[in-house]
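What follows is one structure encoded as structure tokens, with my remarks underneath.
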Amino acid sequence: MALIVQKFGGSSVANAERVRNVARIITDAYKKGNNVVVVLSAQGDTTDDLIEKALELNPDPSRREMDMLLSTGEQISCALCAMAIEQMGYPVVSLTGWQAGFHTNSGYTNARIKRVKPDRILEELDKRRIVIVTGFQGLNKYGDITTLGRGGSDTSAVALAAVLHADLCQIYTDVDGVYTADPRLVPNARKLEEITYEEMLELASLGAQVLHNRSVEMAKRYDVRLEVLSSFTDAPGTKVKEVVKRMEKSHISGVAKDKNIARLALVGLEDTPGIAFKIFSLLARNNVNVDIILQSIGRSETKDISFTVAKSDMELAQKLLEENRDVIAFDHIDVSDNIAKVSIVGAGMINNPGVAATMFEALFNAGININMISTSEIKVSVLVDSCDADRAVQVVHDRFYDEFNGAR
Ligand code: ADP
Ligand code: ASP
Ligand code: MG
């Protein structure tokens, strides 16, 4: 008998018919003799709708109350799914994140899982019940409900798979696997049979929302067998693993886009030692994560430093720098959130220096200007104007298309 964790995203449980469909997938796995633990997201756009309701009443609600509100979406889908399974005649129980033993730090709206104590889940499995758990949430040390950040149900599922030593963690969603680019944006994107944890982590961190990046990090750390597949078709999905067969053959595994970023440029900084330290330590002290950094060569005793942050941190970063002009002197700040980051990812590019040049050539041929560049061993990211982002993904994907075919 195997233990399987199955996670279903919001579109998979959006209405009664889809909940019934999910109930069938769950009970099929149960009927085969498996122990089944299920993690669900809120139905359809419920989380967005709840955020809208909150902002109607208070444009700046406390994060604690936001978590109290947002956690309700998952509770609804879990209770409804349990009812559908009851109706089919199978033993089932639904549990909230805290009943399931999720303990988090106190970072409301973006909490980290500290530990999971699955005693109640194990008791229920002993009774041969299907266990349905709310994704995306836990309890902090004050006994308050916390949520794990948007898309966090994937991370709840992987955490449960890790702590229960599950044989498999299946992430059911509205596409039938991980593709070489978002298949909604790039119609000729190819489905990957398998992808390494490392590449998937880069893709997820660079904007491919098919998996929450923290779920991939956790799957890698605890060696969780992960599979991404569709709740709407029976097609085989994508396996996320430590090592994959095609790694030697192809340089690139995918293209990703992130529109959720903003760029700040500090113009006319003093060209003296310690300036970068002052800027980035100020931001770090205030929990502002910085991504790409670019410093110009000093001229006329001044220099410019540009960097990117998450869109949600743009105003805070600007305010902090303006408030600290006495220690960080500059002429002015240029701020823009009309930008996007387009990235290529692939473990095979480590020993292939031509990959970045090929990407830049594709953008040049399409007349797309690159604002900033950042590279690591397994990715190249460029910053482009947001109006160019979708076209950039398409032309870069086209340029590597033959290679993607070779990847199969
Ligand atoms: P869920 O609600 O099931 O968690 P998400 O909307 O979070 O689903 O993630 C699935 C979506 O991720 C797909 O509908 C697809 O548009 C998008 N996506 C982005 N990049 C990729 C990719 N490389 N492969 C597959 N899907 C991707
Ligand atoms: N319902 C939450 C969200 O929309 C969590 C999730 O779906 O993973 O972000
Ligand atoms: Mg998701």
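We name chains A, B, ... following the order of the structure tokens; residues begin at 1 in each chain, and ligands are numbered from 1 as shown.
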DSSP strand (DSSP E) selection over segment 120-334 of chain A, as JSON, numbers by chain: {"A": [130, 131, 132, 133, 134, 137, 138, 139, 145, 146, 147, 168, 169, 170, 171, 172, 173, 194, 195, 196, 226, 227, 228, 229, 230, 238, 239, 240, 241, 254, 255, 256, 257, 258, 261, 262, 263, 264, 265, 266, 267, 268, 269, 270, 290, 291, 292, 293, 294, 295, 302, 303, 304, 305, 306, 307, 308, 309, 310, 332, 333, 334]}
Within-7 Å residues of ligand 3, basis only C-alpha atoms and all ligand atoms, as a ChimeraX atom specification: /A:9,151,154,209-212
Leu229 of chain A surroundings by only C-alpha atoms, 7 Å radius, close-in-sequence under 4 positions cut, as a VMD selection string: chain A and resid 171 to 173 175 to 177 236 to 238
Residues as selected, all heavy atoms, written as a tab-separated table (two decimals), in the first residue's frame, can you do that?
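Contents of part_19.tsv, as written:
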chain	number	residue	atom	x	y	z
A	171	ILE	N	0.90	17.08	-8.11
A	171	ILE	CA	0.34	18.44	-8.15
A	171	ILE	C	-0.58	18.51	-9.37
A	171	ILE	O	-0.10	18.59	-10.51
A	171	ILE	CB	1.46	19.50	-8.26
A	171	ILE	CG1	2.52	19.34	-7.15
A	171	ILE	CG2	0.86	20.91	-8.28
A	171	ILE	CD1	2.09	19.70	-5.76
A	172	TYR	N	-1.88	18.43	-9.13
A	172	TYR	CA	-2.85	18.52	-10.23
A	172	TYR	C	-3.20	19.98	-10.49
A	172	TYR	O	-3.53	20.72	-9.56
A	172	TYR	CB	-4.14	17.77	-9.86
A	172	TYR	CG	-4.04	16.27	-9.98
A	172	TYR	CD1	-3.65	15.50	-8.89
A	172	TYR	CD2	-4.35	15.63	-11.17
A	172	TYR	CE1	-3.57	14.11	-8.99
A	172	TYR	CE2	-4.28	14.24	-11.28
A	172	TYR	CZ	-3.89	13.50	-10.19
A	172	TYR	OH	-3.81	12.14	-10.30
A	173	THR	N	-3.14	20.37	-11.78
A	173	THR	CA	-3.43	21.77	-12.11
A	173	THR	C	-4.21	21.84	-13.41
A	173	THR	O	-4.83	20.84	-13.81
A	173	THR	CB	-2.11	22.59	-12.12
A	173	THR	OG1	-2.41	23.95	-12.40
A	173	THR	CG2	-1.10	22.06	-13.12
A	175	VAL	N	-2.94	22.66	-16.45
A	175	VAL	CA	-2.13	22.28	-17.62
A	175	VAL	C	-1.54	20.90	-17.31
A	175	VAL	O	-1.42	20.55	-16.13
A	175	VAL	CB	-0.98	23.29	-17.91
A	175	VAL	CG1	-1.51	24.57	-18.52
A	175	VAL	CG2	-0.19	23.60	-16.65
A	176	ASP	N	-1.18	20.15	-18.36
A	176	ASP	CA	-0.84	18.75	-18.09
A	176	ASP	C	0.65	18.53	-17.86
A	176	ASP	O	1.18	17.47	-18.15
A	176	ASP	CB	-1.39	17.83	-19.19
A	176	ASP	CG	-0.85	18.19	-20.55
A	176	ASP	OD1	0.00	19.10	-20.64
A	176	ASP	OD2	-1.26	17.56	-21.55
A	177	GLY	N	1.32	19.55	-17.34
A	177	GLY	CA	2.73	19.37	-17.00
A	177	GLY	C	3.48	20.68	-17.07
A	177	GLY	O	2.89	21.75	-17.27
A	236	PRO	N	0.01	11.89	-19.36
A	236	PRO	CA	1.09	11.79	-18.37
A	236	PRO	C	1.67	13.19	-18.10
A	236	PRO	O	1.72	14.02	-19.00
A	236	PRO	CB	2.12	10.90	-19.06
A	236	PRO	CG	1.78	10.90	-20.50
A	236	PRO	CD	0.33	11.22	-20.63
A	237	GLY	N	2.06	13.41	-16.88
A	237	GLY	CA	2.54	14.75	-16.51
A	237	GLY	C	4.05	14.88	-16.60
A	237	GLY	O	4.70	14.17	-17.36
A	238	THR	N	4.59	15.83	-15.82
A	238	THR	CA	6.04	16.06	-15.78
A	238	THR	C	6.57	15.62	-14.41
A	238	THR	O	6.00	16.00	-13.38
A	238	THR	CB	6.35	17.56	-15.97
A	238	THR	OG1	5.83	17.97	-17.23
A	238	THR	CG2	7.84	17.82	-15.92
Contacts to ligand 2 at 6 Å cut-off (only C-alpha atoms and all ligand atoms) as number ranges by chain: A: 9-10, 41-42, 47, 136, 150-154
Could the residues in this selection be written to a file with all heavy atoms, as an mmCIF file, in the first residue's frame?
data_model
loop_
_atom_site.group_PDB
_atom_site.id
_atom_site.type_symbol
_atom_site.label_atom_id
_atom_site.label_comp_id
_atom_site.auth_asym_id
_atom_site.auth_seq_id
_atom_site.Cartn_x
_atom_site.Cartn_y
_atom_site.Cartn_z
ATOM 1 N N GLY A 9 -5.308 22.537 -7.559
ATOM 2 C CA GLY A 9 -5.317 24.006 -7.566
ATOM 3 C C GLY A 9 -6.726 24.556 -7.748
ATOM 4 O O GLY A 9 -7.690 23.802 -7.967
ATOM 5 N N GLY A 10 -6.819 25.890 -7.679
ATOM 6 C CA GLY A 10 -8.121 26.567 -7.670
ATOM 7 C C GLY A 10 -9.008 26.242 -8.863
ATOM 8 O O GLY A 10 -10.214 26.027 -8.713
ATOM 9 N N SER A 41 -6.631 23.992 -2.872
ATOM 10 C CA SER A 41 -6.635 25.464 -2.901
ATOM 11 C C SER A 41 -8.074 25.942 -2.814
ATOM 12 O O SER A 41 -9.016 25.154 -2.925
ATOM 13 C CB SER A 41 -6.081 25.972 -4.227
ATOM 14 O OG SER A 41 -4.739 25.682 -4.365
ATOM 15 N N ALA A 42 -8.227 27.264 -2.707
ATOM 16 C CA ALA A 42 -9.565 27.855 -2.722
ATOM 17 C C ALA A 42 -10.149 27.744 -4.135
ATOM 18 O O ALA A 42 -9.410 27.698 -5.116
ATOM 19 C CB ALA A 42 -9.463 29.313 -2.309
ATOM 20 N N THR A 47 -9.616 33.613 -3.757
ATOM 21 C CA THR A 47 -8.626 34.382 -2.982
ATOM 22 C C THR A 47 -8.571 35.830 -3.481
ATOM 23 O O THR A 47 -8.552 36.776 -2.676
ATOM 24 C CB THR A 47 -7.242 33.700 -3.050
ATOM 25 O OG1 THR A 47 -7.407 32.323 -2.706
ATOM 26 C CG2 THR A 47 -6.254 34.336 -2.094
ATOM 27 N N PHE A 136 -2.063 26.189 2.033
ATOM 28 C CA PHE A 136 -1.758 27.631 2.089
ATOM 29 C C PHE A 136 -1.775 28.216 3.495
ATOM 30 O O PHE A 136 -1.643 29.406 3.653
ATOM 31 C CB PHE A 136 -2.781 28.294 1.147
ATOM 32 C CG PHE A 136 -2.902 29.775 1.047
ATOM 33 C CD1 PHE A 136 -1.825 30.570 0.643
ATOM 34 C CD2 PHE A 136 -4.128 30.398 1.277
ATOM 35 C CE1 PHE A 136 -1.979 31.939 0.484
ATOM 36 C CE2 PHE A 136 -4.285 31.764 1.115
ATOM 37 C CZ PHE A 136 -3.208 32.535 0.722
ATOM 38 N N ARG A 150 0.969 33.784 -1.909
ATOM 39 C CA ARG A 150 0.154 33.367 -3.045
ATOM 40 C C ARG A 150 0.761 32.123 -3.709
ATOM 41 O O ARG A 150 1.970 32.041 -3.905
ATOM 42 C CB ARG A 150 0.030 34.496 -4.079
ATOM 43 C CG ARG A 150 -0.683 35.749 -3.583
ATOM 44 C CD ARG A 150 -2.072 35.501 -3.024
ATOM 45 N NE ARG A 150 -2.987 34.808 -3.895
ATOM 46 C CZ ARG A 150 -3.828 35.396 -4.752
ATOM 47 N NH1 ARG A 150 -3.840 36.709 -4.829
ATOM 48 N NH2 ARG A 150 -4.654 34.671 -5.485
ATOM 49 N N GLY A 151 -0.093 31.176 -4.025
ATOM 50 C CA GLY A 151 0.374 29.938 -4.652
ATOM 51 C C GLY A 151 0.918 28.928 -3.644
ATOM 52 O O GLY A 151 1.461 27.888 -4.020
ATOM 53 N N GLY A 152 0.746 29.228 -2.340
ATOM 54 C CA GLY A 152 1.421 28.437 -1.299
ATOM 55 C C GLY A 152 0.868 27.037 -1.048
ATOM 56 O O GLY A 152 1.482 26.257 -0.319
ATOM 57 N N SER A 153 -0.273 26.688 -1.659
ATOM 58 C CA SER A 153 -0.813 25.330 -1.420
ATOM 59 C C SER A 153 0.137 24.250 -1.940
ATOM 60 O O SER A 153 0.165 23.143 -1.397
ATOM 61 C CB SER A 153 -2.163 25.167 -2.111
ATOM 62 O OG SER A 153 -3.084 26.048 -1.554
ATOM 63 N N ASP A 154 0.898 24.562 -2.984
ATOM 64 C CA ASP A 154 1.879 23.584 -3.483
ATOM 65 C C ASP A 154 2.863 23.240 -2.357
ATOM 66 O O ASP A 154 3.244 22.079 -2.160
ATOM 67 C CB ASP A 154 2.691 24.159 -4.660
ATOM 68 C CG ASP A 154 1.838 24.502 -5.860
ATOM 69 O OD1 ASP A 154 0.775 23.884 -6.030
ATOM 70 O OD2 ASP A 154 2.234 25.399 -6.636
#
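Among the candidate residues A:Glu198, A:Phe307, A:Ser230, A:Lys117, the one lying nearest to Asn21 of chain A is A:Ser230, with distances computed using only C-alpha atoms.
Among the candidate residues A:Asn352, A:Ser296, A:Asn369, A:Gln43, the one lying nearest to ligand 1 is A:Gln43, with distances computed using only C-alpha atoms and all ligand atoms.
Residues in contact range of Leu168 of chain A, defined as at most 10 Å between only C-alpha atoms, with sequence neighbours fewer than 4 positions away removed, read Ala2, Leu3, Ile4, Val5, Gln6, Val158, Ala161, Ala162, Val224, Arg225, Leu226 and Glu227 of chain A.
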Written selection (N, CA and C atoms) as a short mmCIF file (atom, residue, chain, number, x, y, z; two decimals), in the first residue's frame:
data_model
loop_
_atom_site.label_atom_id
_atom_site.label_comp_id
_atom_site.auth_asym_id
_atom_site.auth_seq_id
_atom_site.Cartn_x
_atom_site.Cartn_y
_atom_site.Cartn_z
N ALA A 2 0.59 2.19 -0.91
CA ALA A 2 1.40 3.40 -0.99
C ALA A 2 0.68 4.56 -0.30
N LEU A 3 1.46 5.57 0.05
CA LEU A 3 0.86 6.81 0.58
C LEU A 3 1.06 7.90 -0.48
N ILE A 4 -0.05 8.45 -0.94
CA ILE A 4 0.03 9.47 -2.00
C ILE A 4 -0.53 10.79 -1.49
N VAL A 5 0.20 11.88 -1.75
CA VAL A 5 -0.35 13.22 -1.48
C VAL A 5 -0.75 13.81 -2.83
N GLN A 6 -2.00 14.25 -2.92
CA GLN A 6 -2.49 14.87 -4.15
C GLN A 6 -2.88 16.31 -3.84
N VAL A 158 3.78 19.62 -0.52
CA VAL A 158 5.12 19.02 -0.46
C VAL A 158 5.56 18.83 0.99
N ALA A 161 3.93 15.73 2.15
CA ALA A 161 4.57 14.56 1.53
C ALA A 161 5.89 14.26 2.22
N ALA A 162 6.64 15.32 2.58
CA ALA A 162 7.94 15.13 3.23
C ALA A 162 7.76 14.52 4.62
N VAL A 224 11.40 14.60 -2.21
CA VAL A 224 10.00 14.23 -2.46
C VAL A 224 9.82 13.97 -3.96
N ARG A 225 9.26 12.83 -4.29
CA ARG A 225 8.95 12.53 -5.71
C ARG A 225 7.76 13.37 -6.13
N LEU A 226 7.99 14.26 -7.09
CA LEU A 226 6.98 15.26 -7.44
C LEU A 226 6.55 15.06 -8.89
N GLU A 227 5.25 15.23 -9.11
CA GLU A 227 4.72 15.07 -10.47
C GLU A 227 3.69 16.17 -10.70
#
